[in-house]
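Okay, upload_26.cif is below, mmCIF, C-alpha atoms:
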```
data_structure
#
loop_
_atom_site.label_atom_id
_atom_site.label_comp_id
_atom_site.auth_asym_id
_atom_site.auth_seq_id
_atom_site.Cartn_x
_atom_site.Cartn_y
_atom_site.Cartn_z
CA MET A 227 111.80 69.52 96.37
CA ILE A 228 114.27 69.54 99.24
CA VAL A 229 117.86 68.49 99.65
CA LEU A 230 119.48 67.22 102.83
CA LYS A 231 122.98 68.32 103.73
CA ARG A 232 125.19 68.11 106.76
CA PRO A 233 125.62 71.43 108.61
CA THR A 234 128.74 73.55 108.19
CA LYS A 235 129.97 76.85 109.62
CA GLU A 236 128.47 78.58 106.57
CA ASP A 237 124.99 77.53 107.72
CA GLU A 238 125.24 79.33 111.07
CA GLU A 239 123.00 82.28 110.17
CA SER A 240 120.28 80.03 108.70
CA ILE A 241 120.40 77.71 111.70
CA ILE A 242 120.20 80.56 114.22
CA ALA A 243 117.17 81.97 112.36
CA PHE A 244 115.59 78.49 112.42
CA VAL A 245 116.17 78.14 116.18
CA ASN A 246 114.84 81.66 116.85
CA GLU A 247 111.66 80.93 114.91
CA VAL A 248 111.10 77.63 116.73
CA GLN A 249 111.65 79.27 120.13
CA ALA A 250 109.35 82.18 119.22
CA HIS A 251 106.62 79.54 118.83
CA HIS A 252 107.48 78.16 122.30
CA GLU A 253 108.71 74.89 120.85
CA THR A 254 111.88 72.84 121.31
CA CYS A 255 114.10 71.95 118.36
CA ILE A 256 113.47 68.28 117.57
CA GLY A 257 115.90 66.40 115.37
CA ALA A 258 118.62 68.95 115.91
CA SER A 259 120.72 67.24 118.59
CA GLY A 260 120.70 70.15 121.03
CA VAL A 261 121.28 73.06 118.63
CA ASP A 262 119.09 75.24 120.86
CA ARG A 263 121.07 74.42 124.03
CA MET A 264 124.68 75.30 123.22
CA PRO A 265 126.86 77.72 121.24
CA PHE A 266 126.86 77.03 117.50
CA ILE A 267 130.54 76.02 117.17
CA GLU A 268 130.21 73.67 120.14
CA TRP A 269 127.13 72.14 118.51
CA LEU A 270 128.94 71.67 115.18
CA ASP A 271 131.76 69.87 116.98
CA LYS A 272 129.26 67.71 118.88
CA ILE A 273 127.39 66.58 115.78
CA GLU A 274 130.65 65.75 114.01
CA GLN A 275 131.70 63.64 116.99
CA GLY A 276 128.25 62.02 116.91
CA HIS A 277 128.59 61.25 113.22
CA GLN A 278 131.93 59.58 113.93
CA GLY A 279 130.45 57.62 116.86
CA GLN A 280 132.73 59.38 119.36
CA ILE A 281 130.21 60.45 122.00
CA PRO A 282 130.19 58.10 125.00
CA ASN A 283 126.87 56.36 125.64
CA ARG A 284 125.37 57.64 122.36
CA VAL A 285 124.86 55.73 119.14
CA PRO A 286 126.38 57.27 115.99
CA PHE A 287 124.05 59.78 114.32
CA THR A 288 123.94 62.21 111.44
CA VAL A 289 122.24 65.60 111.58
CA PHE A 290 120.91 66.94 108.31
CA LEU A 291 119.60 70.34 107.31
CA ALA A 292 116.70 70.33 104.85
CA PHE A 293 116.85 73.09 102.25
CA ALA A 294 114.21 74.14 99.74
CA GLU A 295 115.58 76.62 97.22
CA ASN A 296 118.48 77.59 99.55
CA HIS A 297 116.09 78.22 102.47
CA LEU A 298 116.41 76.11 105.63
CA VAL A 299 113.01 74.49 106.13
CA GLY A 300 113.83 71.69 108.57
CA MET A 301 116.34 69.60 110.47
CA CYS A 302 116.59 65.90 111.15
CA ASN A 303 118.70 63.57 113.25
CA VAL A 304 119.26 60.09 111.84
CA ARG A 305 120.53 57.50 114.30
CA HIS A 306 122.58 54.79 112.61
CA HIS A 307 121.27 52.05 114.91
CA LEU A 308 119.26 51.78 118.12
CA ASN A 309 120.14 51.10 121.74
CA ASP A 310 117.56 50.13 124.38
CA SER A 311 116.77 53.75 125.22
CA LEU A 312 116.18 54.77 121.60
CA LEU A 313 114.13 51.65 121.01
CA PHE A 314 111.82 52.75 123.80
CA ASP A 315 111.89 56.57 123.51
CA SER A 316 112.94 57.99 120.16
CA GLY A 317 113.57 55.65 117.26
CA HIS A 318 115.93 56.05 114.32
CA ILE A 319 114.79 59.44 113.00
CA GLY A 320 113.82 62.72 114.63
CA TYR A 321 112.74 65.60 112.42
CA MET A 322 111.24 69.06 112.59
CA VAL A 323 109.96 71.54 110.04
CA ARG A 324 110.19 75.19 111.00
CA PRO A 325 106.78 76.66 111.91
CA SER A 326 106.52 78.98 108.89
CA GLU A 327 107.16 76.09 106.47
CA ARG A 328 104.71 73.50 107.77
CA GLN A 329 101.91 71.94 105.71
CA LYS A 330 104.02 72.07 102.52
CA GLY A 331 105.06 68.42 102.35
CA TYR A 332 108.62 68.99 103.62
CA ALA A 333 108.33 66.52 106.51
CA LYS A 334 107.37 63.71 104.11
CA GLN A 335 110.37 64.50 101.92
CA MET A 336 112.70 64.71 104.93
CA LEU A 337 111.51 61.38 106.27
CA ARG A 338 111.77 59.70 102.85
CA LEU A 339 115.32 60.97 102.31
CA SER A 340 116.32 59.96 105.85
CA LEU A 341 114.95 56.47 105.25
CA ASP A 342 116.94 56.27 102.00
CA TYR A 343 120.08 57.38 103.83
CA LEU A 344 119.65 54.72 106.53
CA LYS A 345 119.09 51.98 103.97
CA ASP A 346 121.77 53.03 101.47
CA THR A 347 124.51 54.11 103.88
CA HIS A 348 123.93 52.04 107.02
CA HIS A 349 121.95 49.08 105.59
CA VAL A 350 119.04 49.62 107.99
CA ALA A 351 115.87 48.44 106.28
CA ASN A 352 113.57 48.21 109.31
CA VAL A 353 113.27 51.70 110.80
CA LEU A 354 111.53 52.81 114.00
CA VAL A 355 109.92 56.26 113.86
CA THR A 356 107.98 57.68 116.79
CA CYS A 357 105.69 60.63 117.45
CA ASN A 358 103.76 62.13 120.31
CA VAL A 359 100.19 60.81 120.49
CA ASN A 360 98.87 64.34 119.95
CA ASN A 361 101.02 65.07 116.88
CA ARG A 362 98.62 64.07 114.12
CA ALA A 363 100.72 65.79 111.43
CA SER A 364 103.76 63.68 112.29
CA GLU A 365 101.66 60.54 112.43
CA LYS A 366 100.31 61.28 108.94
CA THR A 367 103.87 61.84 107.73
CA ILE A 368 104.97 58.46 109.11
CA LEU A 369 101.94 56.72 107.62
CA SER A 370 102.71 58.32 104.23
CA GLN A 371 105.95 56.32 104.21
CA ASN A 372 104.10 53.07 104.98
CA GLY A 373 104.64 53.22 108.72
CA VAL A 374 103.00 50.35 110.57
CA TYR A 375 101.75 51.11 114.07
CA GLU A 376 103.28 48.87 116.75
CA ASN A 377 102.23 50.34 120.11
CA THR A 378 102.05 53.38 122.36
CA VAL A 379 104.48 53.78 125.25
CA CYS A 380 104.80 56.27 128.08
CA SER A 381 108.25 57.62 128.85
CA LYS A 382 109.50 60.20 131.33
CA GLU A 383 111.13 62.22 128.56
CA HIS A 384 108.48 62.19 125.83
CA GLY A 385 105.20 61.24 127.48
CA LEU A 386 102.78 59.12 125.43
CA THR A 387 104.55 58.16 122.21
CA LYS A 388 103.35 56.10 119.25
CA HIS A 389 105.80 53.65 117.68
CA PHE A 390 105.75 52.87 113.96
CA TRP A 391 108.00 50.60 111.90
CA ILE A 392 108.83 51.37 108.29
CA LYS A 393 110.33 48.60 106.15
CA ARG A 394 112.54 49.51 103.21
CA ASP A 395 113.48 46.53 101.05
#
```
Please re-express this file's structure in structure tokens.
Amino acid sequence: MIVLKRPTKEDEESIIAFVNEVQAHHETCIGASGVDRMPFIEWLDKIEQGHQGQIPNRVPFTVFLAFAENHLVGMCNVRHHLNDSLLFDSGHIGYMVRPSERQKGYAKQMLRLSLDYLKDTHHVANVLVTCNVNNRASEKTILSQNGVYENTVCSKEHGLTKHFWIKRD
């Protein structure tokens, strides 16, 4: 069982270890709003501004850390609504489970809790979630939450991407 929480200064060591593990696997941190591209304190400030909707040309978003028994297993970025770019490229929710913690059901829990947050806090009941066409694990995660395939698009940033809608009544 995981819990989602917003990052704080106290999480710095766990987050740096997460980023280092992801980079050691030659991957990019997804759902972390640039944590791997800037100093930690700058990132914390950025995600707080994003949560408050204070970043120009960006929709408000909330970054969550996913913990299982006080161990950081994943990160997710929940966008409070969509603009045209997100509707085409990314959707409402981006998430990533650290490589050493995959295949344990954490992604399903992260997605479910993110969907609950969107519905309960931002009253979003129709949620777009996307994944790369080659990411079968993510597709299975989306389908586990009753994702309904809409289409596949090709974008400059993400390549071929499948779009799924999840309805939460």
Next item on the list: Scan for residues within 9 Å of the point (113.3, 71.4, 102.1) in the coordinates of the file, using only C-alpha atoms, and reply as number ranges by chain.
Entry: A: 227-230, 291-300, 323, 327, 331-333, 335-336
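Distances to Thr288 of chain A were evaluated for A:Ile273, A:Leu313, A:Ala250, A:Met301 using all atoms listed in the file, and the minimum falls at A:Ile273.
Against this structure, the PyMOL selection byres ((chain A and resi 370) around 12) ends up with Gly331, Ala333, Lys334, Gln335, Met336, Leu337, Arg338, Ala363, Ser364, Glu365, Lys366, Thr367, Ile368, Leu369, Gln371, Asn372, Gly373, Val374, Phe390 and Ile392 of chain A.
In terms of minimum interatomic distance to Ala258 of chain A, A:Arg324 ranks closest within A:Lys393, A:Arg284, A:Arg324, A:His349, counting all atoms listed in the file.
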Margin query: On this structure, the PyMOL selection byres ((chain A and resi 307) around 8) would catch which residues? List them as a ChimeraX atom specification, sorted by chain and number.
Written below: /A:285-286,305-306,308-309,318,350
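Atom pair atom CA of Ile241 of chain A / atom CA of Val304 of chain A: separated by 17.7 Å.
From atom CA of Lys231 of chain A back to atom CA of Arg394 of chain A, the distance works out to 21.5 Å.
You can rank A:Val261, A:Cys302, A:Ala351, A:Ile281 by their closest distance to Gln249 of chain A using all atoms listed in the file, and at the top of that list sits A:Val261.
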Check: the PyMOL selection byres ((chain A and resi 263-270) around 10) on the file shown: which residues, as number ranges by chain?
Finding: A: 232-235, 237-239, 241-242, 245, 254-255, 258-262, 271-276, 289
Write the residues of the selection above to a file with C-alpha atoms, as a short mmCIF file (atom, residue, chain, number, x, y, z; two decimals), in the coordinates of the input.
```cif
data_model
loop_
_atom_site.label_atom_id
_atom_site.label_comp_id
_atom_site.auth_asym_id
_atom_site.auth_seq_id
_atom_site.Cartn_x
_atom_site.Cartn_y
_atom_site.Cartn_z
CA ARG A 232 125.19 68.11 106.76
CA PRO A 233 125.62 71.43 108.61
CA THR A 234 128.74 73.55 108.19
CA LYS A 235 129.97 76.85 109.62
CA ASP A 237 124.99 77.53 107.72
CA GLU A 238 125.24 79.33 111.07
CA GLU A 239 123.00 82.28 110.17
CA ILE A 241 120.40 77.71 111.70
CA ILE A 242 120.20 80.56 114.22
CA VAL A 245 116.17 78.14 116.18
CA THR A 254 111.88 72.84 121.31
CA CYS A 255 114.10 71.95 118.36
CA ALA A 258 118.62 68.95 115.91
CA SER A 259 120.72 67.24 118.59
CA GLY A 260 120.70 70.15 121.03
CA VAL A 261 121.28 73.06 118.63
CA ASP A 262 119.09 75.24 120.86
CA ASP A 271 131.76 69.87 116.98
CA LYS A 272 129.26 67.71 118.88
CA ILE A 273 127.39 66.58 115.78
CA GLU A 274 130.65 65.75 114.01
CA GLN A 275 131.70 63.64 116.99
CA GLY A 276 128.25 62.02 116.91
CA VAL A 289 122.24 65.60 111.58
#
```
Check: Mind pulling up the distance from atom CA of Gly317 of chain A to atom CA of Leu386 of chain A?
Finding: 14.0 Å
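Nearest residue to Tyr343 of chain A among A:Pro282, A:Phe287, A:Tyr375, A:Gly257 is A:Phe287, counting all atoms listed in the file.
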Item checked: Cut-off 8 Å around (106.4, 55.2, 121.9) with all atoms listed in the file: residues as number ranges by chain -> A: 314-316, 356-358, 377-381, 386-389
Check: Given the choices A:Gly385, A:Trp391, A:Gln329, A:Gln278, which gets closest to Leu341 of chain A if the distance is worked out from all atoms listed in the file?
Finding: A:Trp391
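Using all atoms listed in the file for every distance, the candidate list A:Glu383, A:Asn352, A:Ile256, A:Asn246 yields A:Ile256 as the residue closest to Tyr321 of chain A.
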